[in-house]
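In what follows, a single structure is set out as structure tokens and then discussed.
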Amino acid sequence: MGAKITYFVMAAFLAIWFVLVGGRGLALIRQGSAVTVVLGLAALVLPAIGVWFLWMNTRFVTRANRLAAELEAEGGLPVDELRRTPDGRIDRESADEVFARRRAETEDTPDDWRCWFRLAVAYRDARDTPRARKAMQHAIALHDGRPAPR
């Protein structure tokens with residue numbers, strides 16, 4: 001629950017920032033000189049990119065949470081079997097062992113979104129966030145019946 005609150009607070013701050021920067025961009029455009037119009041258009045690009053990025057991430061998180069809820073209802077969420085260090089961090093060897101099992105499971109049934117979801121969790125536990133995200137995108141695509149991203 002704390003992660004959701006943090007996400008929404010950060011999204012709200014970003015939305016406020018988008019409005020403020022967009023307003024400054026429009027004010028520069030209204031001044032009408034060539035330099036201020038160019039600067040105003042450049043200032044509008046940042047909020048546009050930010051809105052797109054925020055939308056894509058929100059959509060990704062919503063879809064991943066939907067898959068997690070469905071998998072939980074089926075009783076298929078991966079069990080946390082990882083060893084921890086005294087300070088609570090995941091033991092690297094333990095994460096690698098679980099990852100190897102999840103990868104083999106996914107290779108055996110590559111069209112099952114559940115396996116890809118569990119592989120994404122294993123990637124995250126192994127601290128490989130880019131691959132975790134790609135595996136989750138693959139799971140979402142398989143679940144939705146779309147071609148999986150490459």
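Ordering of the structure tokens sets the chain letters (A, B, ...); residue numbers start at 1 within each chain; ligands are numbered from 1 in the order shown.
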### Message
I need the helix (DSSP H, G or I) residues of range 30-135 of chain A per DSSP on the backbone, written as number ranges by chain.
### Response
A: 30-31, 34-74, 92-108, 113-125, 129-135
### Query
Leaving out Ala132 in chain A and any residue of its chain fewer than 3 positions from it, which residues lie within 9 Å of it when counting only C-alpha atoms, given as a count of residues only?
14
### Message
Give me the residues near range 63-76 of chain A as a VMD selection string, where near means some atom within 10 Å (using only C-alpha atoms) and where sequence neighbours in that chain fewer than 6 positions away do not count.
### Response
chain A and resid 57 113 to 115 117 to 118 133 136 to 137 139 to 141 143 to 144
Give me a file of those residues, with N, CA and C atoms, as a PDB file, in the first residue's frame.
ATOM      1  N   ASN A  57       3.798   4.200 -17.915  1.00  0.00           N
ATOM      2  CA  ASN A  57       4.153   3.517 -16.673  1.00  0.00           C
ATOM      3  C   ASN A  57       2.927   3.177 -15.843  1.00  0.00           C
ATOM      4  N   TRP A 113       1.540 -17.152 -19.843  1.00  0.00           N
ATOM      5  CA  TRP A 113       1.828 -15.857 -19.240  1.00  0.00           C
ATOM      6  C   TRP A 113       2.198 -15.993 -17.769  1.00  0.00           C
ATOM      7  N   ARG A 114       1.691 -17.027 -17.108  1.00  0.00           N
ATOM      8  CA  ARG A 114       1.986 -17.230 -15.687  1.00  0.00           C
ATOM      9  C   ARG A 114       3.486 -17.473 -15.476  1.00  0.00           C
ATOM     10  N   CYS A 115       4.070 -18.271 -16.353  1.00  0.00           N
ATOM     11  CA  CYS A 115       5.510 -18.541 -16.263  1.00  0.00           C
ATOM     12  C   CYS A 115       6.311 -17.262 -16.489  1.00  0.00           C
ATOM     13  N   PHE A 117       5.287 -14.227 -15.890  1.00  0.00           N
ATOM     14  CA  PHE A 117       5.097 -13.386 -14.709  1.00  0.00           C
ATOM     15  C   PHE A 117       6.080 -13.799 -13.617  1.00  0.00           C
ATOM     16  N   ARG A 118       6.148 -15.109 -13.344  1.00  0.00           N
ATOM     17  CA  ARG A 118       7.061 -15.595 -12.308  1.00  0.00           C
ATOM     18  C   ARG A 118       8.518 -15.335 -12.690  1.00  0.00           C
ATOM     19  N   ARG A 133      11.214  -6.023 -16.453  1.00  0.00           N
ATOM     20  CA  ARG A 133      10.174  -5.251 -17.139  1.00  0.00           C
ATOM     21  C   ARG A 133       9.802  -5.893 -18.480  1.00  0.00           C
ATOM     22  N   MET A 136       7.763  -8.980 -17.874  1.00  0.00           N
ATOM     23  CA  MET A 136       6.396  -8.640 -17.473  1.00  0.00           C
ATOM     24  C   MET A 136       5.599  -8.144 -18.676  1.00  0.00           C
ATOM     25  N   GLN A 137       6.220  -7.366 -19.557  1.00  0.00           N
ATOM     26  CA  GLN A 137       5.533  -6.927 -20.773  1.00  0.00           C
ATOM     27  C   GLN A 137       5.160  -8.134 -21.631  1.00  0.00           C
ATOM     28  N   ALA A 139       4.552 -11.165 -20.459  1.00  0.00           N
ATOM     29  CA  ALA A 139       3.440 -11.819 -19.759  1.00  0.00           C
ATOM     30  C   ALA A 139       2.123 -11.092 -20.031  1.00  0.00           C
ATOM     31  N   ILE A 140       2.152  -9.782 -20.010  1.00  0.00           N
ATOM     32  CA  ILE A 140       0.940  -8.986 -20.256  1.00  0.00           C
ATOM     33  C   ILE A 140       0.438  -9.226 -21.679  1.00  0.00           C
ATOM     34  N   ALA A 141       1.360  -9.221 -22.642  1.00  0.00           N
ATOM     35  CA  ALA A 141       0.967  -9.441 -24.038  1.00  0.00           C
ATOM     36  C   ALA A 141       0.363 -10.829 -24.220  1.00  0.00           C
ATOM     37  N   HIS A 143      -1.080 -12.671 -21.949  1.00  0.00           N
ATOM     38  CA  HIS A 143      -2.365 -12.693 -21.255  1.00  0.00           C
ATOM     39  C   HIS A 143      -3.457 -12.035 -22.075  1.00  0.00           C
ATOM     40  N   ASP A 144      -3.105 -10.930 -22.724  1.00  0.00           N
ATOM     41  CA  ASP A 144      -4.089 -10.177 -23.507  1.00  0.00           C
ATOM     42  C   ASP A 144      -4.273 -10.729 -24.918  1.00  0.00           C
TER      43      ASP A 144
END
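Of the residues under consideration (A:Gly40, A:Gly88, A:Gly32, A:Gly145), A:Gly145 shows the shortest atom-to-atom contact distance to Asp111 in chain A when counting only C-alpha atoms.
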### Task
May I ask for the distance between CA of Phe13 in chain A and CA of Leu39 in chain A, given in Å to one decimal place?
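We find that CA of Phe13 in chain A and CA of Leu39 in chain A lie 23.3 Å from each other.
Relative to CA of Leu142 in chain A, CA of Phe99 in chain A is found at 20.3 Å.
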### Task
Quote the spacing between CA of Pro110 in chain A and CA of Arg83 in chain A in Å to one decimal place.
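If I compute the distance from CA of Pro110 in chain A to CA of Arg83 in chain A, I get 27.4 Å.
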